[in-house]
Amino acid sequence: MAMSKNMWLRKQERCKRQRQRRTKRRQLLAIIVLVAAIAALAALIIIRNADKTDAPTSQTTAETTDISPTLLSPRYTTTLNTDDINLSFFKNSAFLGNSVADTINKYNLVPSCDFYTSVNLDVDNVYSTIIGYSATTAADQLKTKKFNKIFLSFGEREIASGNAYDFADSYESLVEKIKSYQTTSQIYLIAIPPITKSASNAQTYGMTMEKVREYNEEIRNIASDLGVFYINSPSALAGADGYLHDGVSADGINLNRDCSIELLSYISKSSHDPDKIEEDEAETENSETETSTASPSATPRSTATPQSEEPEPTVNVLKDSAINAD
């Protein structure tokens, strides 16, 4: 059958449209390939530029690192480790107090001890603050069992919020209450640790070394009046200038693990055990009695303590325990 003219024209039109579609597809494909090539080239240029800029950046970082030690104090580290702590000294002991004791608990430096501590604990809220999962307040926790030694740490928060005399009155009342709970325990009052010179100059949290010394003098007097032990922590932690080592902590006040180890080592190795003191005194008296008896002209001395004399309060039992007045 012969194709009519109209049919031929329509066929030609279809072929034309097909050629146009194929041409557009080829053009689109070419554009895609070109864009991909441009993107790859751009990425390569960016990578090469980054490589070129890395060297100066590294050099600048190195230069900054070289300068920084002269601008910033290095982190303080101790030469001691946990083996330098006489753990037997802390057998069946308890810590009650603020961040000083809480840091010791945090790092589990004396695992045989009981801790009733909180960074927010002070001599006033110790009667109302619940510690741990118990429903008992921090102070009343000391009624739960008998301890050989009890270590108290208070004063940092009180410096910022009160005055030394009010603090002393409250602290003395607390110690007397604890003595009534623990009639046979040896009680140790940990002096407020020193702070860094920068923290003192900035009066961080209202604290200065002058105030630390003032409050520690009150703690020392409480120990003397009540016949308990005074632990002069500045002796263990202060540098030659009387301040805490720089680089100990971000705020220059709270102790780090290294300083806690130094404090515990100082307490366990430098303190005089009261039981040992009594033994030494007894041996000294026996020696003096024997010497007196051996001499024909000497009159034997009674070793009994006169009833009219009161025993001297046990205070400053740590070596080098005088508070530095610098």
# chains A, B, ... in the order shown; residues from 1 in each chain; ligands from 1
>>> select_by_dssp(residues="segment 45-281 of chain A", states="strand (DSSP E or B)", output="PyMOL selection string")
chain A and resi 93-97+114-117+130+137+149-153+186-190+229-231+238+244+271
>>> residues_around(residues="Ser268 of chain A", least_positions_apart="5", cutoff="9 Å", atoms="only C-alpha atoms", output="PyMOL selection string")
chain A and resi 84-90+263
>>> write_last_selection(atoms="all heavy atoms", output="tab-separated table (two decimals), in the first residue's frame")
chain	number	residue	atom	x	y	z
A	84	ASP	N	53.69	5.03	99.51
A	84	ASP	CA	54.26	5.87	100.56
A	84	ASP	C	53.26	6.19	101.66
A	84	ASP	O	53.59	6.90	102.61
A	84	ASP	CB	54.79	7.17	99.95
A	84	ASP	CG	55.99	6.94	99.05
A	84	ASP	OD1	57.05	6.57	99.57
A	84	ASP	OD2	55.85	7.09	97.82
A	85	ILE	N	52.05	5.71	101.52
A	85	ILE	CA	51.03	5.89	102.57
A	85	ILE	C	51.03	4.66	103.47
A	85	ILE	O	50.88	3.53	103.00
A	85	ILE	CB	49.63	6.07	101.94
A	85	ILE	CG1	49.62	7.27	100.99
A	85	ILE	CG2	48.59	6.25	103.04
A	85	ILE	CD1	48.32	7.42	100.23
A	86	ASN	N	51.20	4.89	104.75
A	86	ASN	CA	51.15	3.79	105.73
A	86	ASN	C	49.68	3.47	106.02
A	86	ASN	O	49.06	4.05	106.90
A	86	ASN	CB	51.89	4.20	107.01
A	86	ASN	CG	51.86	3.10	108.05
A	86	ASN	OD1	51.47	1.96	107.77
A	86	ASN	ND2	52.26	3.44	109.27
A	87	LEU	N	49.14	2.54	105.24
A	87	LEU	CA	47.71	2.25	105.32
A	87	LEU	C	47.31	1.70	106.69
A	87	LEU	O	46.17	1.89	107.11
A	87	LEU	CB	47.31	1.26	104.22
A	87	LEU	CG	47.43	1.78	102.79
A	87	LEU	CD1	47.03	0.70	101.79
A	87	LEU	CD2	46.59	3.03	102.58
A	88	SER	N	48.22	1.04	107.36
A	88	SER	CA	47.87	0.47	108.67
A	88	SER	C	47.54	1.57	109.69
A	88	SER	O	46.79	1.35	110.64
A	88	SER	CB	49.03	-0.39	109.20
A	88	SER	OG	50.20	0.41	109.39
A	89	PHE	N	48.09	2.76	109.47
A	89	PHE	CA	47.81	3.88	110.37
A	89	PHE	C	46.33	4.27	110.32
A	89	PHE	O	45.77	4.76	111.29
A	89	PHE	CB	48.68	5.08	109.99
A	89	PHE	CG	48.51	6.27	110.89
A	89	PHE	CD1	49.19	6.36	112.10
A	89	PHE	CD2	47.66	7.31	110.55
A	89	PHE	CE1	49.02	7.45	112.94
A	89	PHE	CE2	47.49	8.41	111.37
A	89	PHE	CZ	48.18	8.48	112.57
A	90	PHE	N	45.69	4.03	109.17
A	90	PHE	CA	44.30	4.43	108.98
A	90	PHE	C	43.31	3.28	109.19
A	90	PHE	O	42.14	3.42	108.85
A	90	PHE	CB	44.12	5.00	107.56
A	90	PHE	CG	44.94	6.23	107.30
A	90	PHE	CD1	46.15	6.14	106.62
A	90	PHE	CD2	44.52	7.47	107.74
A	90	PHE	CE1	46.91	7.26	106.37
A	90	PHE	CE2	45.28	8.61	107.50
A	90	PHE	CZ	46.48	8.50	106.81
A	263	LEU	N	49.57	14.49	101.48
A	263	LEU	CA	48.96	14.75	102.78
A	263	LEU	C	48.82	13.47	103.59
A	263	LEU	O	49.17	13.43	104.78
A	263	LEU	CB	47.60	15.41	102.59
A	263	LEU	CG	46.80	15.71	103.86
A	263	LEU	CD1	47.58	16.66	104.77
A	263	LEU	CD2	45.44	16.32	103.52
>>> closest_residue(among="A:Asn98, A:Thr103, A:Thr183, A:Ser198", to="Leu152 of chain A", atoms="only C-alpha atoms")
A:Asn98
>>> closest_residue(among="A:Val228, A:Ala238, A:Ile31, A:Ile192", to="Val212 of chain A", atoms="only C-alpha atoms")
A:Ile192
